>>> print(open('entry-v6.txt').read())   # compact mmCIF, C-alpha atoms and all ligand atoms
# COMPACT_ATOMS: atom_id res chain seq x y z
CA MET A 1 11.68 -21.42 -0.12
CA TYR A 2 10.59 -20.76 3.45
CA ALA A 3 12.70 -20.90 6.56
CA GLU A 4 11.25 -23.83 8.44
CA THR A 5 8.22 -26.06 8.88
CA PRO A 6 6.11 -27.02 10.74
CA ARG A 7 4.56 -23.72 11.67
CA ASP A 8 4.25 -23.31 15.39
CA ALA A 9 1.81 -20.43 15.83
CA PRO A 10 2.29 -19.65 19.55
CA ALA A 11 6.10 -19.87 19.32
CA TRP A 12 6.27 -17.75 16.20
CA ARG A 13 3.96 -15.09 17.61
CA ALA A 14 6.14 -14.78 20.70
CA ARG A 15 9.30 -14.60 18.59
CA TRP A 16 7.82 -11.91 16.32
CA ARG A 17 6.88 -9.78 19.32
CA GLU A 18 10.22 -10.20 21.08
CA ARG A 19 12.29 -9.26 18.03
CA ARG A 20 11.02 -5.68 18.18
CA ALA A 21 13.18 -5.06 21.22
CA SER A 22 16.29 -6.53 19.60
CA PHE A 23 19.45 -4.64 18.71
CA HIS A 24 19.61 -5.98 15.15
CA ALA A 25 18.30 -3.83 12.31
CA ASP A 26 16.47 -6.69 10.61
CA ASP A 27 14.74 -7.66 13.86
CA GLN A 28 13.55 -4.08 14.30
CA SER A 29 12.05 -4.11 10.81
CA GLY A 30 8.31 -4.73 10.83
CA VAL A 31 8.85 -6.90 7.75
CA TRP A 32 11.93 -8.95 8.67
CA ARG A 33 10.77 -9.70 12.21
CA PHE A 34 8.21 -11.90 10.42
CA ARG A 35 10.98 -13.61 8.48
CA GLU A 36 9.48 -17.06 9.01
CA LEU A 37 6.81 -15.94 6.51
CA LEU A 38 9.36 -14.77 3.93
CA PRO A 39 11.63 -16.39 1.34
CA VAL A 40 15.00 -16.84 3.05
CA LEU A 41 18.10 -14.76 2.52
CA ARG A 42 21.44 -16.57 2.56
CA ASP A 43 22.43 -14.23 5.37
CA ALA A 44 19.45 -13.05 7.41
CA ARG A 45 21.51 -10.14 8.78
CA GLN A 46 22.09 -8.79 5.26
CA ALA A 47 18.59 -7.45 4.65
CA VAL A 48 18.46 -4.03 3.01
CA THR A 49 16.25 -2.35 5.57
CA LEU A 50 15.14 1.12 6.58
CA ARG A 51 13.15 -0.30 9.57
CA GLU A 52 9.97 -0.45 7.52
CA GLY A 53 6.65 -1.73 8.87
CA ASN A 54 5.59 -1.47 12.53
CA THR A 55 3.02 1.11 11.46
CA PRO A 56 0.23 2.28 13.77
CA LEU A 57 -3.37 1.18 13.84
CA TYR A 58 -5.62 4.16 14.59
CA ASP A 59 -9.26 4.11 15.55
CA LEU A 60 -11.45 6.47 13.49
CA PRO A 61 -14.54 7.05 15.64
CA HIS A 62 -15.91 10.02 13.70
CA CYS A 63 -15.41 8.44 10.28
CA GLY A 64 -17.09 5.32 11.63
CA ARG A 65 -20.07 7.22 13.03
CA ASP A 66 -20.54 9.11 9.75
CA ALA A 67 -20.57 5.83 7.86
CA GLY A 68 -22.97 4.22 10.35
CA LEU A 69 -20.24 1.81 11.49
CA GLU A 70 -19.31 1.19 15.08
CA ARG A 71 -15.74 -0.05 14.71
CA VAL A 72 -13.46 1.47 12.08
CA TRP A 73 -9.66 1.52 12.22
CA ALA A 74 -6.95 2.67 9.85
CA LYS A 75 -3.64 0.87 9.46
CA HIS A 76 -1.39 3.68 8.32
CA GLN A 77 1.07 2.20 5.87
CA GLY A 78 1.91 5.77 4.81
CA LEU A 79 4.04 5.97 7.95
CA ASN A 80 6.69 3.76 6.40
CA PRO A 81 10.19 5.22 5.78
CA THR A 82 9.44 6.68 2.32
CA GLY A 83 5.81 7.40 3.11
CA SER A 84 3.99 4.47 1.52
CA PHE A 85 3.29 0.76 1.88
CA LYS A 86 5.70 0.10 -0.98
CA ASP A 87 8.61 -0.06 1.49
CA THR A 88 7.35 -3.29 3.01
CA GLY A 89 7.75 -5.10 -0.30
CA MET A 90 10.75 -3.19 -1.53
CA THR A 91 12.97 -4.25 1.37
CA VAL A 92 12.48 -7.90 0.38
CA ALA A 93 12.89 -7.39 -3.39
CA VAL A 94 16.01 -5.27 -3.04
CA SER A 95 17.57 -7.63 -0.50
CA GLN A 96 17.08 -10.50 -2.95
CA ALA A 97 18.43 -8.43 -5.85
CA ARG A 98 21.55 -7.54 -3.90
CA GLU A 99 22.19 -11.16 -2.94
CA ALA A 100 21.83 -12.09 -6.61
CA GLY A 101 24.51 -9.53 -7.44
CA ARG A 102 22.26 -7.32 -9.56
CA ALA A 103 23.46 -3.79 -10.36
CA TRP A 104 20.41 -1.94 -11.69
CA LEU A 105 16.91 -1.82 -10.25
CA ALA A 106 14.07 -0.43 -12.35
CA CYS A 107 10.34 0.26 -12.23
CA ALA A 108 7.49 2.10 -13.88
CA SER A 109 5.56 4.05 -11.28
CA THR A 110 2.81 6.44 -10.34
CA GLY A 111 5.34 7.79 -7.84
CA ASN A 112 5.44 5.76 -4.65
CA THR A 113 7.12 2.64 -6.01
CA SER A 114 9.82 4.82 -7.53
CA ALA A 115 10.42 6.77 -4.31
CA SER A 116 10.69 3.52 -2.39
CA MET A 117 12.87 1.73 -4.94
CA ALA A 118 15.24 4.71 -5.14
CA ALA A 119 15.67 4.77 -1.36
CA TYR A 120 16.36 1.05 -0.99
CA ALA A 121 18.69 1.10 -4.02
CA ALA A 122 20.67 3.91 -2.42
CA ARG A 123 20.76 2.00 0.86
CA ALA A 124 22.04 -1.10 -0.94
CA GLY A 125 24.61 0.79 -3.02
CA MET A 126 22.77 -0.05 -6.24
CA ARG A 127 21.64 2.07 -9.20
CA SER A 128 18.00 2.62 -10.07
CA LEU A 129 15.99 3.63 -13.12
CA VAL A 130 12.54 5.19 -12.80
CA LEU A 131 10.00 5.56 -15.62
CA VAL A 132 7.10 7.87 -14.75
CA PRO A 133 4.28 9.42 -16.80
CA ALA A 134 5.25 13.05 -17.47
CA GLY A 135 3.17 15.56 -15.55
CA GLN A 136 1.06 12.87 -13.86
CA ILE A 137 2.88 12.20 -10.63
CA THR A 138 3.20 14.54 -7.69
CA TRP A 139 6.32 16.62 -7.22
CA SER A 140 6.76 15.28 -3.69
CA LYS A 141 7.20 11.75 -5.00
CA LEU A 142 9.47 12.79 -7.86
CA ALA A 143 11.60 14.83 -5.44
CA GLN A 144 12.12 11.72 -3.30
CA ALA A 145 13.39 9.65 -6.25
CA LEU A 146 15.73 12.50 -7.23
CA ASP A 147 16.99 12.93 -3.65
CA PHE A 148 17.82 9.23 -3.46
CA GLY A 149 19.85 9.46 -6.66
CA ALA A 150 17.64 7.55 -9.11
CA SER A 151 17.88 8.09 -12.87
CA VAL A 152 14.44 9.48 -13.63
CA CYS A 153 12.83 9.41 -17.09
CA GLN A 154 9.55 11.28 -17.48
CA LEU A 155 7.81 9.71 -20.47
CA ARG A 156 5.07 11.37 -22.51
CA THR A 157 2.55 8.61 -21.80
CA ASP A 158 0.53 7.21 -18.90
CA PHE A 159 1.53 4.60 -16.29
CA ASP A 160 0.50 1.73 -18.55
CA GLY A 161 2.67 3.20 -21.34
CA CYS A 162 5.62 3.43 -18.93
CA MET A 163 5.17 -0.25 -18.11
CA ARG A 164 5.26 -1.19 -21.80
CA VAL A 165 8.46 0.78 -22.35
CA LEU A 166 10.02 -0.69 -19.20
CA HIS A 167 9.60 -4.22 -20.57
CA GLN A 168 11.11 -3.18 -23.90
CA VAL A 169 14.14 -1.64 -22.14
CA ALA A 170 14.52 -4.69 -19.89
CA ALA A 171 14.74 -6.90 -22.98
CA ARG A 172 17.81 -4.94 -24.08
CA HIS A 173 19.54 -3.92 -20.86
CA SER A 174 20.13 -5.88 -17.67
CA LEU A 175 17.59 -4.52 -15.18
CA TYR A 176 16.09 -6.06 -12.06
CA LEU A 177 12.41 -5.11 -12.22
CA VAL A 178 10.73 -4.27 -8.95
CA ASN A 179 7.22 -3.65 -10.22
CA SER A 180 4.44 -5.52 -8.54
CA MET A 181 4.88 -8.64 -10.67
CA ASN A 182 8.07 -9.12 -8.66
CA PRO A 183 7.10 -11.97 -6.32
CA PHE A 184 9.35 -10.80 -3.49
CA ARG A 185 7.47 -7.51 -3.23
CA LEU A 186 4.23 -9.36 -2.61
CA GLU A 187 5.91 -11.48 0.05
CA GLY A 188 7.07 -8.39 1.92
CA GLN A 189 3.74 -6.61 1.59
CA LYS A 190 1.87 -9.59 2.96
CA THR A 191 3.54 -9.17 6.37
CA ALA A 192 1.17 -6.23 6.96
CA ALA A 193 -1.50 -8.90 7.49
CA ALA A 194 0.49 -10.50 10.32
CA GLU A 195 1.30 -7.15 11.84
CA LEU A 196 -2.33 -6.04 11.76
CA LEU A 197 -3.45 -9.30 13.40
CA GLU A 198 -0.80 -8.90 16.08
CA GLN A 199 -2.13 -5.40 16.78
CA MET A 200 -5.65 -6.83 17.08
CA ASN A 201 -4.55 -9.60 19.43
CA TRP A 202 -4.97 -12.17 16.65
CA GLN A 203 -8.71 -11.49 16.39
CA PRO A 204 -9.22 -10.79 12.68
CA PRO A 205 -11.46 -7.88 11.74
CA ASP A 206 -14.54 -8.65 9.65
CA HIS A 207 -13.38 -6.45 6.78
CA VAL A 208 -10.14 -5.07 5.40
CA VAL A 209 -10.67 -2.36 2.78
CA VAL A 210 -7.87 -1.41 0.43
CA PRO A 211 -7.53 0.94 -2.56
CA GLY A 212 -6.69 -0.81 -5.83
CA GLY A 213 -4.40 0.35 -8.63
CA ASN A 214 -2.10 -2.29 -10.05
CA LEU A 215 -3.84 -4.62 -7.54
CA ALA A 216 -0.69 -5.98 -5.95
CA ASN A 217 -1.41 -4.80 -2.43
CA ALA A 218 -4.83 -6.43 -2.25
CA SER A 219 -3.27 -9.62 -3.62
CA ALA A 220 -0.44 -9.50 -1.09
CA LEU A 221 -2.74 -8.88 1.88
CA GLY A 222 -4.99 -11.69 0.70
CA LYS A 223 -2.03 -14.04 0.49
CA GLY A 224 -0.96 -13.00 3.98
CA PHE A 225 -4.33 -13.56 5.64
CA LEU A 226 -5.08 -16.80 3.79
CA GLU A 227 -1.69 -18.30 4.63
CA LEU A 228 -2.10 -17.38 8.28
CA GLN A 229 -5.51 -19.00 8.24
CA ARG A 230 -4.16 -22.14 6.57
CA TRP A 231 -1.36 -22.36 9.08
CA GLY A 232 -3.66 -22.05 12.10
CA PHE A 233 -2.84 -18.51 13.27
CA ILE A 234 -6.45 -17.38 12.76
CA ALA A 235 -9.72 -19.22 12.35
CA ARG A 236 -10.92 -17.11 9.42
CA ALA A 237 -9.57 -14.47 7.08
CA PRO A 238 -11.24 -11.05 6.91
CA ARG A 239 -13.18 -10.15 3.79
CA ILE A 240 -10.78 -8.13 1.66
CA SER A 241 -12.54 -5.45 -0.38
CA ILE A 242 -10.95 -3.45 -3.18
CA ILE A 243 -11.86 0.15 -3.98
CA GLN A 244 -11.06 1.82 -7.29
CA ALA A 245 -11.63 5.36 -8.52
CA GLU A 246 -14.55 5.61 -10.96
CA GLY A 247 -12.21 6.88 -13.66
CA ALA A 248 -9.72 4.03 -13.16
CA ASN A 249 -11.96 1.04 -12.49
CA PRO A 250 -10.95 -1.80 -14.83
CA LEU A 251 -11.43 -4.46 -12.12
CA VAL A 252 -14.91 -3.22 -11.22
CA ARG A 253 -15.85 -3.43 -14.90
CA SER A 254 -14.26 -6.82 -15.33
CA LEU A 255 -16.33 -8.22 -12.47
CA ARG A 256 -19.50 -6.50 -13.63
CA GLU A 257 -19.22 -7.33 -17.32
CA HIS A 258 -17.16 -10.53 -17.44
CA GLN A 259 -17.53 -12.01 -13.92
CA GLY A 260 -13.80 -11.42 -13.48
CA ARG A 261 -12.87 -13.80 -16.30
CA GLU A 262 -11.27 -11.16 -18.53
CA LEU A 263 -10.19 -7.56 -18.13
CA THR A 264 -10.42 -4.84 -20.74
CA PRO A 265 -7.91 -2.04 -20.08
CA VAL A 266 -9.43 1.43 -19.64
CA GLU A 267 -7.95 4.86 -20.20
CA ALA A 268 -7.46 5.85 -16.57
CA LYS A 269 -8.38 9.27 -15.26
CA THR A 270 -8.45 10.30 -11.62
CA ARG A 271 -6.94 13.03 -9.44
CA ALA A 272 -5.92 10.20 -7.08
CA THR A 273 -2.80 9.82 -9.22
CA ALA A 274 -1.36 6.86 -7.29
CA ILE A 275 -4.17 4.62 -8.56
CA ARG A 276 -4.44 6.07 -12.05
CA ILE A 277 -3.92 2.68 -13.70
CA GLY A 278 -6.00 1.26 -16.55
CA ASN A 279 -4.33 -2.10 -17.11
CA PRO A 280 -3.48 -3.59 -13.70
CA ALA A 281 -0.85 -6.33 -13.69
CA SER A 282 -2.19 -8.35 -10.76
CA TRP A 283 -5.90 -8.38 -11.57
CA GLN A 284 -6.23 -12.17 -11.69
CA LYS A 285 -4.63 -12.55 -8.27
CA ALA A 286 -6.98 -9.86 -6.96
CA VAL A 287 -10.04 -11.68 -8.34
CA ARG A 288 -8.89 -14.82 -6.53
CA VAL A 289 -8.49 -12.93 -3.26
CA LEU A 290 -11.99 -11.42 -3.60
CA ARG A 291 -13.43 -14.89 -4.20
CA GLU A 292 -11.48 -16.66 -1.46
CA THR A 293 -12.17 -14.05 1.21
CA GLY A 294 -15.71 -13.11 0.15
CA GLY A 295 -14.69 -9.46 -0.33
CA TYR A 296 -16.34 -6.76 -2.41
CA CYS A 297 -15.07 -4.59 -5.22
CA THR A 298 -16.55 -1.19 -5.97
CA ASP A 299 -15.63 2.24 -7.27
CA VAL A 300 -16.01 5.72 -5.82
CA SER A 301 -16.29 9.18 -7.35
CA GLU A 302 -13.74 11.97 -7.16
CA ALA A 303 -16.07 13.87 -4.80
CA GLU A 304 -16.41 10.84 -2.52
CA ILE A 305 -12.62 10.44 -2.37
CA ALA A 306 -12.18 14.13 -1.55
CA ALA A 307 -14.83 14.02 1.18
CA ALA A 308 -13.23 10.91 2.68
CA LYS A 309 -9.80 12.51 2.71
CA GLN A 310 -11.23 15.50 4.51
CA ALA A 311 -12.98 13.29 7.07
CA ILE A 312 -9.77 11.37 7.83
CA GLY A 313 -7.94 14.69 8.13
CA ARG A 314 -10.49 15.85 10.72
CA GLU A 315 -9.36 12.94 12.89
CA GLY A 316 -5.81 14.33 12.77
CA ILE A 317 -4.57 11.84 10.24
CA GLY A 318 -3.08 12.74 6.87
CA CYS A 319 -3.15 10.38 3.93
CA GLU A 320 -2.97 10.66 0.20
CA PRO A 321 -6.11 10.73 -1.95
CA ALA A 322 -5.70 7.15 -3.16
CA SER A 323 -5.71 5.99 0.47
CA ALA A 324 -8.87 7.95 1.23
CA ALA A 325 -10.61 5.88 -1.45
CA ALA A 326 -10.65 3.09 1.16
CA LEU A 327 -12.90 5.11 3.48
CA ALA A 328 -15.04 6.30 0.57
CA GLY A 329 -15.47 2.65 -0.40
CA ALA A 330 -16.27 1.51 3.13
CA ARG A 331 -18.93 4.22 3.36
CA LYS A 332 -20.46 2.98 0.13
CA LEU A 333 -20.35 -0.67 1.23
CA ALA A 334 -22.00 0.29 4.53
CA ARG A 335 -24.71 2.19 2.63
CA THR A 336 -25.49 -0.80 0.45
CA GLY A 337 -25.51 -3.18 3.42
CA ALA A 338 -22.41 -5.14 2.34
CA ILE A 339 -20.82 -4.07 5.63
CA ALA A 340 -23.15 -4.35 8.64
CA PRO A 341 -23.10 -1.63 11.34
CA GLY A 342 -21.63 -3.88 14.03
CA GLU A 343 -18.87 -5.37 11.89
CA SER A 344 -15.25 -4.33 12.38
CA VAL A 345 -13.49 -2.63 9.50
CA VAL A 346 -9.81 -1.87 8.93
CA LEU A 347 -8.93 0.62 6.20
CA ILE A 348 -5.47 0.36 4.70
CA LEU A 349 -4.10 3.89 4.34
CA THR A 350 -1.45 3.37 1.71
CA GLY A 351 0.33 6.72 1.49
CA HIS A 352 1.38 9.71 3.62
CA GLY A 353 -0.55 13.00 3.54
CA LEU A 354 2.50 14.97 2.42
CA LYS A 355 2.78 12.94 -0.79
CA ASP A 356 0.24 15.21 -2.45
CA PRO A 357 0.01 18.57 -0.68
CA ASP A 358 -1.68 20.29 -3.66
CA TYR A 359 -4.71 18.01 -3.60
CA ALA A 360 -6.86 19.99 -1.17
CA SER A 361 -6.50 23.23 -3.11
CA ASP A 362 -6.82 21.49 -6.50
CA MET A 363 -10.12 20.00 -5.33
CA GLY A 364 -11.35 23.28 -3.85
CA LEU A 365 -11.34 21.89 -0.30
CA ALA A 366 -8.96 24.48 1.09
CA SER A 367 -6.94 27.43 -0.02
CA LEU A 368 -4.01 29.30 1.42
CA PRO A 369 -5.30 32.51 3.07
CA PRO A 370 -3.75 35.74 1.84
CA ALA A 371 -0.88 37.27 3.82
CA MET A 372 -2.07 39.74 6.45
CA GLU A 373 -0.75 42.56 8.55
CA ALA A 374 1.48 41.38 11.42
CA SER A 375 -0.69 42.67 14.25
CA ALA A 376 -2.70 41.12 17.06
CA GLU A 377 -5.78 43.05 15.84
CA ALA A 378 -5.60 41.43 12.40
CA VAL A 379 -5.29 37.97 13.94
CA LEU A 380 -8.14 38.63 16.39
CA ARG A 381 -10.35 39.68 13.46
CA ALA A 382 -9.43 36.40 11.72
CA LEU A 383 -10.32 34.49 14.92
CA GLU A 384 -13.75 36.11 14.95
CA ARG A 385 -14.34 34.94 11.40
CA ALA A 386 -13.16 31.38 12.15
N1 LIG A 401 -2.19 3.72 -2.78
C1 LIG A 401 -1.04 4.31 -3.08
C2 LIG A 401 -0.64 5.48 -2.27
C3 LIG A 401 -0.24 3.84 -4.14
O1 LIG A 401 0.91 4.44 -4.42
C4 LIG A 401 -0.68 2.73 -4.90
C5 LIG A 401 0.09 2.23 -6.03
C6 LIG A 401 -1.89 2.13 -4.52
C7 LIG A 401 -2.62 2.65 -3.47
C8 LIG A 401 -2.42 0.95 -5.20
O2 LIG A 401 -1.71 -0.21 -4.89
O3 LIG A 401 -1.02 -0.85 -7.17
O4 LIG A 401 -0.83 -2.44 -5.27
O5 LIG A 401 -3.06 -1.80 -6.17
N2 LIG A 401 1.09 2.82 -6.52
C9 LIG A 401 1.98 2.25 -7.55
C10 LIG A 401 3.21 3.10 -7.74
C11 LIG A 401 1.35 1.79 -8.76
O6 LIG A 401 3.83 3.06 -8.81
O7 LIG A 401 3.61 3.78 -6.80
P1 LIG A 401 -1.65 -1.42 -5.93
>>> encode(input="entry-v6.txt", output="structure tokens", more="lines below")
Ligand code: F0G
Amino acid sequence: MYAETPRDAPAWRARWRERRASFHADDQSGVWRFRELLPVLRDARQAVTLREGNTPLYDLPHCGRDAGLERVWAKHQGLNPTGSFKDTGMTVAVSQAREAGRAWLACASTGNTSASMAAYAARAGMRSLVLVPAGQITWSKLAQALDFGASVCQLRTDFDGCMRVLHQVAARHSLYLVNSMNPFRLEGQKTAAAELLEQMNWQPPDHVVVPGGNLANASALGKGFLELQRWGFIARAPRISIIQAEGANPLVRSLREHQGRELTPVEAKTRATAIRIGNPASWQKAVRVLRETGGYCTDVSEAEIAAAKQAIGREGIGCEPASAAALAGARKLARTGAIAPGESVVLILTGHGLKDPDYASDMGLASLPPAMEASAEAVLRALERA
């Protein structure tokens, strides 16, 4: 159920902009200020919010030049309260769960969903259960869930195994599941489309490029852009392209081998742990978004992801490896001519750089220099070598 119809684009745009300056927490939220696009709460002032959204759009001139593209931006969803785009959906799901009187939230996760769920559960005074694959998620993400008071179970399986177990537990214990099949999460995540358009003065970019794991984010952004097009806010939706890691590319294979009609799960393997998913829940929705927006789907190697992360870092912007897959993918699409040099491209950076601080050294990109003598001479010698 939506708040009101008909949709009055100029009035709504003005309202969305003005809310940012409001005193109310839900107006300050970059998700709830777009509440006309969201399922209603009985009490709009009862949103469980950490002031998510309102994330910056950066230009990436050097990354663009390297890729042979003139106009490349990054929307940094990693600058959300818990450091990933998950917060934009979680605020809506948890608000709905609290209104419904639910006590326990639960998810399977590669780390970011669990960090986000744990934070919003704590904020709402609810309990939360996290199932993660043992040894496969970064300590930074696990530490967040623990800090926020979640009950954490590390299972000796992969993400897809955690998902299976989660459904079995949910059949026997009352749990409110906040994985990406939760429709409220998608509704919240789709507001990033409105926010991006607002930042671009309602001139849609030609391309939006997003990393794909469980494929909820691509689906949500697609829903956002297509609704805004249908409702007259924009004349056309950008092409939404999905980038997977070569070792975790079930959607790429599905499109290549079965024209997107069926999906065979793969055993996922990538150092970009956030997108290490072999059996994505939202693949059919993602196929629809690719078709309806004319987007592309491709995969990138571990070396391409690492190089992209380094290139983004050289522009002063940190992101996690899964996010860098978006740039790696855009580079590949530019190489193959799918993206033309003059077209505008927005990369969705999904997670914060500090989510995975070991990545650079694990990939041999950087190492901590040894401790040295505390003297100006020693430092000057280091400067000469730099
Ligand atoms: N980037 C990051 C940083 C992520 O954490 C995820 C997903 C994705 C991209 C892919 O998004 O699943 O909507 O296609 N992380 C989930 C998690 C699975 O449990 O944190 P998607």
>>> closest_atom_pairs(input="entry-v6.txt", of="chain A", to="ligand LIG 401 (chain A)", cutoff="8 Å", atoms="only C-alpha atoms and all ligand atoms", output="CSV")
residue,atom,partner,partner_atom,distance
A:Gly78,CA,A:LIG401,C2,7.5
A:Ser84,CA,A:LIG401,C2,6.1
A:Phe85,CA,A:LIG401,C2,7.4
A:Lys86,CA,A:LIG401,O7,7.2
A:Cys107,CA,A:LIG401,O6,7.9
A:Ala108,CA,A:LIG401,O6,6.3
A:Ser109,CA,A:LIG401,O6,3.2
A:Thr110,CA,A:LIG401,O6,3.8
A:Gly111,CA,A:LIG401,O7,4.5
A:Asn112,CA,A:LIG401,O7,3.4
A:Thr113,CA,A:LIG401,O7,3.8
A:Ser114,CA,A:LIG401,O7,6.3
A:Ala115,CA,A:LIG401,O7,7.8
A:Phe159,CA,A:LIG401,O6,8.0
A:Asn179,CA,A:LIG401,O6,7.6
A:Ser180,CA,A:LIG401,O4,6.9
A:Val210,CA,A:LIG401,C7,7.7
A:Pro211,CA,A:LIG401,C7,5.3
A:Gly212,CA,A:LIG401,O5,3.8
A:Gly213,CA,A:LIG401,O5,3.5
A:Asn214,CA,A:LIG401,O3,3.4
A:Leu215,CA,A:LIG401,O5,3.2
A:Ala216,CA,A:LIG401,O4,3.6
A:Asn217,CA,A:LIG401,O4,3.7
A:Ala218,CA,A:LIG401,O5,6.3
A:Ser219,CA,A:LIG401,O4,7.8
A:Ala274,CA,A:LIG401,O1,4.4
A:Ile275,CA,A:LIG401,C6,5.3
A:Arg276,CA,A:LIG401,C11,7.9
A:Ile277,CA,A:LIG401,C11,7.3
A:Pro280,CA,A:LIG401,O3,7.5
A:Glu320,CA,A:LIG401,C2,6.2
A:Pro321,CA,A:LIG401,C2,7.6
A:Ala322,CA,A:LIG401,N1,4.9
A:Ser323,CA,A:LIG401,N1,5.3
A:Leu349,CA,A:LIG401,N1,7.4
A:Thr350,CA,A:LIG401,N1,4.6
A:Gly351,CA,A:LIG401,C2,4.1
A:His352,CA,A:LIG401,C2,7.5
>>> write_last_selection(input="entry-v6.txt", atoms="C-alpha atoms", output="PDB file, in the coordinates of the input")
ATOM      1  CA  GLY A  78       1.910   5.770   4.810  1.00  0.00           C
ATOM      2  CA  SER A  84       3.990   4.470   1.520  1.00  0.00           C
ATOM      3  CA  PHE A  85       3.290   0.760   1.880  1.00  0.00           C
ATOM      4  CA  LYS A  86       5.700   0.100  -0.980  1.00  0.00           C
ATOM      5  CA  CYS A 107      10.340   0.260 -12.230  1.00  0.00           C
ATOM      6  CA  ALA A 108       7.490   2.100 -13.880  1.00  0.00           C
ATOM      7  CA  SER A 109       5.560   4.050 -11.280  1.00  0.00           C
ATOM      8  CA  THR A 110       2.810   6.440 -10.340  1.00  0.00           C
ATOM      9  CA  GLY A 111       5.340   7.790  -7.840  1.00  0.00           C
ATOM     10  CA  ASN A 112       5.440   5.760  -4.650  1.00  0.00           C
ATOM     11  CA  THR A 113       7.120   2.640  -6.010  1.00  0.00           C
ATOM     12  CA  SER A 114       9.820   4.820  -7.530  1.00  0.00           C
ATOM     13  CA  ALA A 115      10.420   6.770  -4.310  1.00  0.00           C
ATOM     14  CA  PHE A 159       1.530   4.600 -16.290  1.00  0.00           C
ATOM     15  CA  ASN A 179       7.220  -3.650 -10.220  1.00  0.00           C
ATOM     16  CA  SER A 180       4.440  -5.520  -8.540  1.00  0.00           C
ATOM     17  CA  VAL A 210      -7.870  -1.410   0.430  1.00  0.00           C
ATOM     18  CA  PRO A 211      -7.530   0.940  -2.560  1.00  0.00           C
ATOM     19  CA  GLY A 212      -6.690  -0.810  -5.830  1.00  0.00           C
ATOM     20  CA  GLY A 213      -4.400   0.350  -8.630  1.00  0.00           C
ATOM     21  CA  ASN A 214      -2.100  -2.290 -10.050  1.00  0.00           C
ATOM     22  CA  LEU A 215      -3.840  -4.620  -7.540  1.00  0.00           C
ATOM     23  CA  ALA A 216      -0.690  -5.980  -5.950  1.00  0.00           C
ATOM     24  CA  ASN A 217      -1.410  -4.800  -2.430  1.00  0.00           C
ATOM     25  CA  ALA A 218      -4.830  -6.430  -2.250  1.00  0.00           C
ATOM     26  CA  SER A 219      -3.270  -9.620  -3.620  1.00  0.00           C
ATOM     27  CA  ALA A 274      -1.360   6.860  -7.290  1.00  0.00           C
ATOM     28  CA  ILE A 275      -4.170   4.620  -8.560  1.00  0.00           C
ATOM     29  CA  ARG A 276      -4.440   6.070 -12.050  1.00  0.00           C
ATOM     30  CA  ILE A 277      -3.920   2.680 -13.700  1.00  0.00           C
ATOM     31  CA  PRO A 280      -3.480  -3.590 -13.700  1.00  0.00           C
ATOM     32  CA  GLU A 320      -2.970  10.660   0.200  1.00  0.00           C
ATOM     33  CA  PRO A 321      -6.110  10.730  -1.950  1.00  0.00           C
ATOM     34  CA  ALA A 322      -5.700   7.150  -3.160  1.00  0.00           C
ATOM     35  CA  SER A 323      -5.710   5.990   0.470  1.00  0.00           C
ATOM     36  CA  LEU A 349      -4.100   3.890   4.340  1.00  0.00           C
ATOM     37  CA  THR A 350      -1.450   3.370   1.710  1.00  0.00           C
ATOM     38  CA  GLY A 351       0.330   6.720   1.490  1.00  0.00           C
ATOM     39  CA  HIS A 352       1.380   9.710   3.620  1.00  0.00           C
TER      40      HIS A 352
END
>>> residues_near_point(input="entry-v6.txt", point="(-12.0, -0.1, 8.4)", cutoff="12 Å", atoms="all atoms listed in the file", output="PyMOL selection string")
chain A and resi 57-61+63-65+67-76+196+204-211+238-241+312+323-331+333-334+339-349
>>> closest_residue(input="entry-v6.txt", among="A:Ala366, A:Ala386, A:Ala121, A:Ala192", to="A:Gln77", atoms="only C-alpha atoms")
A:Ala192
>>> closest_residue(input="entry-v6.txt", among="A:Thr336, A:Ser254, A:Ser95, A:Thr298", to="A:Tyr176", atoms="only C-alpha atoms")
A:Ser95
>>> closest_residue(input="entry-v6.txt", among="A:Arg271, A:Arg291, A:Arg256, A:Lys309", to="A:Asp362", atoms="all atoms listed in the file")
A:Arg271
>>> closest_residue(input="entry-v6.txt", among="A:Arg253, A:Pro370, A:Ala237, A:Ile242", to="A:Ala382", atoms="all atoms listed in the file")
A:Pro370
>>> residues_near_point(input="entry-v6.txt", point="(1.6, -22.5, 10.0)", cutoff="6 Å", atoms="all atoms listed in the file", output="list in words")
Arg7, Trp231 and Gly232 of chain A
